[in-house]
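S.K.: Quick one: structure below, then a few questions.
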Amino acid sequence: MKIGFIGLGIMGSRMAANLIKAGYTVHVFNRTPEKAEVLKGDHVHIKKSPEMVAMDSDVIFTMLSTPEAVQEVALGDEGLMNGMGKGKVWIDSSTVNPSFSRQMAELAEQLGFNFLDAPVAGSMAPAEKGELVFLVGGKKTIVKYCAPLFKVMGKKFIHVGDAGQGSALKLVNNLLMGLSMYAFTEGLVLGESLGIDKALIFDMMEGSPIAAPMVSLKRQKISTGDFSAEFPLQWLQKDLQLATQTAYEQGIALPGTNIIKEIFALAKQAGLADKDFTAIYQYLSKEQSQ
Ligand SMILES: NC(=O)c1ccc[n+]([C@@H]2O[C@H](COP(=O)([O-])OP(=O)(O)OC[C@H]3O[C@@H](n4cnc5c(N)ncnc54)[C@H](OP(=O)(O)O)[C@@H]3O)[C@@H](O)[C@H]2O)c1
């Protein structure tokens with residue numbers, strides 16, 4: 001099975017590296033070509049376009065920032081659609097909205113190839129260790145065919161349902177992640193304003209039923225102020241935006257998400273877009289001190 005991998009950012013570069021390590025031949029493309037250079041090796045073929053990746057591969061992964069980026073890579077000039085054909089599979093692991101995934105699945109069906117949405121839970125470290133959790137939407141037979149690939153890059157894959165359902169569960173995941181990190185941050189800012197040491201707040205909350213276990217994983221970043229990106233703040237803001245867009249499509253209301261996504265939007269505009277999403281703490285504490 002020849003693999004294609006398009007999008008070699010924080011996540012994609014590590015996921016592709018694991019496929020290469022497992023012995024697969026991988027055809028890669030990244031918009032900024034230098035990022036593909038680090039993957040050089042006997043089994044790696046750097047291509048000049050998504051179309052060329054698709055032409056030479058059986059299963060093509062995309063791991064791109066936004067639905068707009070996926071659309072450009074898929075449908076743009078020299079896009080991957082041009083290189084797809086019967087029997088091939090496109091797996092979109094980007095975090096996008098479910099209705100967008102369903103659109104891509106319909107397009108694939110019309111053009112005679114297969115599509116799965118398979119976004120991932122887990123950040124930079126799990127991507128590196130091959131410990132992601134794939135949330136998969138699409139046909140069962142295709143999920144089964146691709147299972148060995150999910151097992152190389154992940155510790156688990158969950159077949160959630162038809163096309164779009166992987167993206168649906170991923171948005172639920174990121175809504176909870178964004179809102180719980182934001183809630184913890186407000187608690188921290190209040191506690192510190194009252195003279196409680198940050199370390200004491202972490203010590204008390206860690207392992208308690210009150211704070212999400214994610215708080216432990218992010219303690220180091222928040223305590224040291226090293227907000228180098230594992231999960232960029234701008235992509236969390238995008239995911240909250242996509243959750244509210246999806247709520248509109250579903251005819252439901254997400255009042256809390258709407259408010260918090262705008263606070264992340266302000267943090268993004270304040271220059272924290274490329275920082276880790278935990279930099280929301282930096283934003284909030286700075287705002288309070290002004
Ligand atoms: N980081 C995490 O912890 C994490 C965890 C789970 C899911 N995700 C999701 O996974 C996806 C990738 O995240 P990431 O953290 O790896 O982001 P990233 O480091 O910013 O990488 C984004 C990738 O998308 C490419 N891209 C963006 N716009 C493009 C366009 N118009 N045409 C072609 N390529 C384009 C970038 O190319 P360039 O290199 O040229 O910019 C890069 O390869 C996102 O949907 C994110 O929400 C991230």
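For the structure tokens, the naming scheme is as follows: chains receive sequential letters (A, B, ...) according to their order of presentation, residues are indexed from 1 within each chain, and ligands are indexed from 1 in presentation order.
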Would you pick out the contacts of Ser223 of chain A at 10 Å or less, using only C-alpha atoms, so that residues sharing its chain but fewer than 6 positions from it are not included, and give the list as a PyMOL selection string?

M.R.: chain A and resi 198-199+202

S.K.: Contacts of segment 3-16 of chain A at 8 Å or less, counting only C-alpha atoms, minus same-chain residues fewer than 3 places along, as a compact mmCIF listing (two decimals) with N, CA and C atoms, in the first residue's frame?

M.R.:
```txt
# COMPACT_ATOMS: atom_id res chain seq x y z
N LEU A 19 4.62 6.61 9.90
CA LEU A 19 4.32 5.72 8.77
C LEU A 19 5.61 5.28 8.09
N ILE A 20 6.53 6.24 7.96
CA ILE A 20 7.82 5.94 7.33
C ILE A 20 8.59 4.93 8.18
N TYR A 24 6.36 1.97 5.48
CA TYR A 24 5.54 2.35 4.31
C TYR A 24 6.31 3.31 3.40
N THR A 25 6.02 3.21 2.12
CA THR A 25 6.51 4.22 1.18
C THR A 25 5.53 5.38 1.24
N VAL A 26 6.06 6.57 1.50
CA VAL A 26 5.16 7.72 1.71
C VAL A 26 5.51 8.85 0.74
N HIS A 27 4.51 9.29 -0.02
CA HIS A 27 4.64 10.44 -0.92
C HIS A 27 4.11 11.66 -0.18
N VAL A 28 4.95 12.68 -0.03
CA VAL A 28 4.55 13.81 0.81
C VAL A 28 4.51 15.12 0.03
N PHE A 29 3.66 16.03 0.53
CA PHE A 29 3.63 17.40 0.01
C PHE A 29 3.35 18.34 1.17
N ASN A 30 4.09 19.45 1.19
CA ASN A 30 3.74 20.54 2.12
C ASN A 30 3.86 21.86 1.37
N ARG A 31 2.91 22.77 1.65
CA ARG A 31 2.90 24.07 0.96
C ARG A 31 4.24 24.77 1.12
N LYS A 35 9.59 22.18 5.04
CA LYS A 35 9.11 21.29 6.12
C LYS A 35 9.11 19.82 5.69
N ALA A 36 9.06 19.60 4.36
CA ALA A 36 9.09 18.20 3.88
C ALA A 36 10.50 17.63 3.90
N LEU A 39 11.88 14.95 6.34
CA LEU A 39 11.40 13.56 6.24
C LEU A 39 12.18 12.74 5.21
N PRO A 50 -0.25 18.41 -4.49
CA PRO A 50 -1.17 17.39 -3.97
C PRO A 50 -1.61 16.42 -5.07
N VAL A 53 0.94 13.73 -5.42
CA VAL A 53 0.85 12.79 -4.28
C VAL A 53 -0.26 11.78 -4.56
N ALA A 54 -1.43 12.31 -4.93
CA ALA A 54 -2.59 11.44 -5.13
C ALA A 54 -2.37 10.45 -6.28
N ASP A 56 0.31 9.00 -7.21
CA ASP A 56 1.24 7.91 -6.90
C ASP A 56 0.87 7.12 -5.64
N SER A 57 -0.27 7.45 -5.01
CA SER A 57 -0.60 6.80 -3.73
C SER A 57 -1.93 6.06 -3.80
N ASP A 58 -2.08 5.09 -2.89
CA ASP A 58 -3.36 4.36 -2.77
C ASP A 58 -4.25 5.01 -1.71
N VAL A 59 -3.62 5.41 -0.61
CA VAL A 59 -4.35 6.05 0.48
C VAL A 59 -3.67 7.38 0.77
N ILE A 60 -4.44 8.46 0.76
CA ILE A 60 -3.86 9.80 0.94
C ILE A 60 -4.44 10.46 2.18
N PHE A 61 -3.55 10.84 3.10
CA PHE A 61 -3.96 11.58 4.29
C PHE A 61 -3.79 13.08 4.04
N THR A 62 -4.72 13.87 4.56
CA THR A 62 -4.50 15.32 4.66
C THR A 62 -4.55 15.70 6.14
N MET A 63 -3.63 16.56 6.55
CA MET A 63 -3.60 17.03 7.94
C MET A 63 -3.35 18.53 7.87
N LEU A 64 -4.42 19.27 7.63
CA LEU A 64 -4.32 20.71 7.31
C LEU A 64 -5.08 21.53 8.34
N SER A 123 -2.29 15.46 21.14
CA SER A 123 -1.54 16.59 20.60
C SER A 123 -0.17 16.15 20.09
N MET A 124 0.82 17.07 20.21
CA MET A 124 2.14 16.85 19.62
C MET A 124 2.83 15.58 20.15
N ALA A 127 1.21 12.39 19.00
CA ALA A 127 1.46 12.24 17.55
C ALA A 127 2.85 11.65 17.34
N GLU A 128 3.80 12.14 18.12
CA GLU A 128 5.18 11.68 17.99
C GLU A 128 5.32 10.21 18.41
N GLY A 130 3.01 7.93 18.38
CA GLY A 130 2.05 7.02 17.73
C GLY A 130 0.93 6.64 18.67
N MET A 153 -0.20 5.00 13.66
CA MET A 153 -0.13 6.39 14.15
C MET A 153 -0.90 6.61 15.45
N GLU A 230 2.06 23.56 21.12
CA GLU A 230 1.80 22.14 20.87
C GLU A 230 0.48 22.08 20.09
```

S.K.: Would you mind telling me which residue in A:Gln288, A:Gln103, A:Gln269, A:Thr278 lies nearest to ligand 1 when using only C-alpha atoms and all ligand atoms?

M.R.: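 Result for the nearest residue to ligand 1: A:Thr278.
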
S.K.: Of the candidates A:Ile252, A:Ala147, A:Leu240, A:Ala183, which shows the shortest atom-to-atom distance to ligand 1, using only C-alpha atoms and all ligand atoms?

M.R.: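 The shortest atom-to-atom distance to ligand 1 comes from A:Leu240.
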
S.K.: Using backbone DSSP assignments, extract all helix (DSSP H, G or I) residues from segment 4-88 of chain A; output them as number ranges by chain.

M.R.: A: 10-21, 34-37, 50-56, 67-75, 80-83

S.K.: Write down as number ranges by chain the residues of segment 20-215 of chain A whose backbone DSSP state falls under strand (DSSP E).

M.R.: A: 26-29, 44-46, 59-62, 89-92, 114-117, 120-121, 132-137, 154-161

S.K.: Go ahead and write the residues just picked, N, CA and C atoms, as an mmCIF file, in the first residue's frame.

M.R.:
```cif
data_model
loop_
_atom_site.group_PDB
_atom_site.id
_atom_site.type_symbol
_atom_site.label_atom_id
_atom_site.label_comp_id
_atom_site.auth_asym_id
_atom_site.auth_seq_id
_atom_site.Cartn_x
_atom_site.Cartn_y
_atom_site.Cartn_z
ATOM 1 N N VAL A 26 6.055 6.574 1.504
ATOM 2 C CA VAL A 26 5.161 7.717 1.706
ATOM 3 C C VAL A 26 5.508 8.851 0.739
ATOM 4 N N HIS A 27 4.508 9.289 -0.022
ATOM 5 C CA HIS A 27 4.641 10.437 -0.920
ATOM 6 C C HIS A 27 4.115 11.655 -0.179
ATOM 7 N N VAL A 28 4.953 12.683 -0.030
ATOM 8 C CA VAL A 28 4.555 13.811 0.806
ATOM 9 C C VAL A 28 4.511 15.123 0.034
ATOM 10 N N PHE A 29 3.658 16.026 0.534
ATOM 11 C CA PHE A 29 3.626 17.399 0.010
ATOM 12 C C PHE A 29 3.352 18.340 1.172
ATOM 13 N N VAL A 44 10.750 7.906 1.386
ATOM 14 C CA VAL A 44 10.030 9.180 1.292
ATOM 15 C C VAL A 44 10.206 9.793 -0.089
ATOM 16 N N HIS A 45 9.118 10.217 -0.673
ATOM 17 C CA HIS A 45 9.181 10.882 -1.973
ATOM 18 C C HIS A 45 8.490 12.227 -1.854
ATOM 19 N N ILE A 46 9.282 13.283 -2.001
ATOM 20 C CA ILE A 46 8.702 14.627 -1.889
ATOM 21 C C ILE A 46 8.125 15.029 -3.242
ATOM 22 N N VAL A 59 -3.617 5.408 -0.614
ATOM 23 C CA VAL A 59 -4.354 6.054 0.482
ATOM 24 C C VAL A 59 -3.670 7.379 0.775
ATOM 25 N N ILE A 60 -4.443 8.465 0.757
ATOM 26 C CA ILE A 60 -3.864 9.805 0.936
ATOM 27 C C ILE A 60 -4.442 10.461 2.182
ATOM 28 N N PHE A 61 -3.554 10.836 3.100
ATOM 29 C CA PHE A 61 -3.962 11.581 4.287
ATOM 30 C C PHE A 61 -3.789 13.082 4.042
ATOM 31 N N THR A 62 -4.724 13.874 4.565
ATOM 32 C CA THR A 62 -4.502 15.323 4.659
ATOM 33 C C THR A 62 -4.554 15.696 6.139
ATOM 34 N N VAL A 89 -8.291 5.948 -1.581
ATOM 35 C CA VAL A 89 -8.956 6.465 -0.379
ATOM 36 C C VAL A 89 -8.322 7.787 0.027
ATOM 37 N N TRP A 90 -9.163 8.768 0.278
ATOM 38 C CA TRP A 90 -8.695 10.033 0.871
ATOM 39 C C TRP A 90 -9.159 10.053 2.325
ATOM 40 N N ILE A 91 -8.189 10.197 3.246
ATOM 41 C CA ILE A 91 -8.519 10.287 4.675
ATOM 42 C C ILE A 91 -8.175 11.706 5.140
ATOM 43 N N ASP A 92 -9.195 12.459 5.513
ATOM 44 C CA ASP A 92 -8.937 13.818 6.010
ATOM 45 C C ASP A 92 -8.875 13.783 7.538
ATOM 46 N N ASN A 114 -12.982 6.723 -2.458
ATOM 47 C CA ASN A 114 -13.481 6.596 -1.085
ATOM 48 C C ASN A 114 -12.984 7.731 -0.197
ATOM 49 N N PHE A 115 -13.775 8.041 0.812
ATOM 50 C CA PHE A 115 -13.420 9.137 1.721
ATOM 51 C C PHE A 115 -13.707 8.737 3.159
ATOM 52 N N LEU A 116 -12.781 9.062 4.041
ATOM 53 C CA LEU A 116 -13.026 8.953 5.488
ATOM 54 C C LEU A 116 -12.666 10.276 6.131
ATOM 55 N N ASP A 117 -13.469 10.722 7.104
ATOM 56 C CA ASP A 117 -13.000 11.797 7.975
ATOM 57 C C ASP A 117 -12.428 11.089 9.200
ATOM 58 N N VAL A 120 -8.087 13.561 14.816
ATOM 59 C CA VAL A 120 -7.429 12.863 15.926
ATOM 60 C C VAL A 120 -7.592 13.607 17.247
ATOM 61 N N ALA A 121 -7.693 12.824 18.318
ATOM 62 C CA ALA A 121 -7.588 13.374 19.673
ATOM 63 C C ALA A 121 -6.166 13.086 20.127
ATOM 64 N N LEU A 132 -2.064 8.544 19.093
ATOM 65 C CA LEU A 132 -3.272 9.343 18.846
ATOM 66 C C LEU A 132 -4.514 8.462 18.940
ATOM 67 N N VAL A 133 -5.670 9.108 19.054
ATOM 68 C CA VAL A 133 -6.940 8.385 18.946
ATOM 69 C C VAL A 133 -7.653 8.927 17.707
ATOM 70 N N PHE A 134 -7.895 8.053 16.734
ATOM 71 C CA PHE A 134 -8.570 8.467 15.496
ATOM 72 C C PHE A 134 -10.080 8.330 15.677
ATOM 73 N N LEU A 135 -10.801 9.384 15.312
ATOM 74 C CA LEU A 135 -12.265 9.392 15.379
ATOM 75 C C LEU A 135 -12.751 9.341 13.931
ATOM 76 N N VAL A 136 -13.305 8.208 13.539
ATOM 77 C CA VAL A 136 -13.461 7.958 12.109
ATOM 78 C C VAL A 136 -14.924 7.939 11.673
ATOM 79 N N GLY A 137 -15.188 8.614 10.558
ATOM 80 C CA GLY A 137 -16.498 8.579 9.918
ATOM 81 C C GLY A 137 -16.357 8.030 8.512
ATOM 82 N N GLY A 154 -1.690 5.614 15.831
ATOM 83 C CA GLY A 154 -2.534 5.816 17.011
ATOM 84 C C GLY A 154 -2.552 4.616 17.928
ATOM 85 N N LYS A 155 -3.044 4.856 19.136
ATOM 86 C CA LYS A 155 -3.212 3.734 20.074
ATOM 87 C C LYS A 155 -4.613 3.150 19.952
ATOM 88 N N LYS A 156 -5.477 3.864 19.250
ATOM 89 C CA LYS A 156 -6.875 3.446 19.184
ATOM 90 C C LYS A 156 -7.558 4.151 18.015
ATOM 91 N N PHE A 157 -8.526 3.473 17.395
ATOM 92 C CA PHE A 157 -9.403 4.215 16.487
ATOM 93 C C PHE A 157 -10.851 3.853 16.792
ATOM 94 N N ILE A 158 -11.712 4.847 16.678
ATOM 95 C CA ILE A 158 -13.131 4.633 16.980
ATOM 96 C C ILE A 158 -13.915 4.912 15.703
ATOM 97 N N HIS A 159 -14.641 3.908 15.225
ATOM 98 C CA HIS A 159 -15.497 4.150 14.060
ATOM 99 C C HIS A 159 -16.814 4.712 14.581
ATOM 100 N N VAL A 160 -16.960 6.038 14.448
ATOM 101 C CA VAL A 160 -18.096 6.714 15.083
ATOM 102 C C VAL A 160 -19.387 6.488 14.291
ATOM 103 N N GLY A 161 -19.290 6.438 12.970
ATOM 104 C CA GLY A 161 -20.498 6.278 12.141
ATOM 105 C C GLY A 161 -20.209 6.657 10.702
#
```

S.K.: Would you list the contacts of Ile222 of chain A as a PyMOL selection string, taking every protein, DNA or RNA residue within 8 Å and counting only C-alpha atoms, but skipping same-chain residues closer than 5 positions in sequence?

M.R.: chain A and resi 227+278-279+281

S.K.: What is the atom CA of Leu272 of chain A-atom CA of Phe100 of chain A distance in Å, reported with one decimal?

M.R.: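 Atom-to-atom, atom CA of Leu272 of chain A and atom CA of Phe100 of chain A are spaced 27.0 Å apart.
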
S.K.: Can you pull out the residues contacting Leu188 of chain A? Cut-off 12 Å, using only C-alpha atoms, and skip same-chain residues under 3 positions away; I want them as a ChimeraX atom specification.

M.R.: /A:181-185,191-205,211,215,219,222-223,280-282,284-285

S.K.: Using only C-alpha atoms, can you tell me which of A:Thr32, A:Thr141, A:Gly164, A:Gly85 comes closest to Met104 of chain A?

M.R.: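 When distances to Met104 of chain A are compared using only C-alpha atoms, the smallest one comes from A:Gly164.
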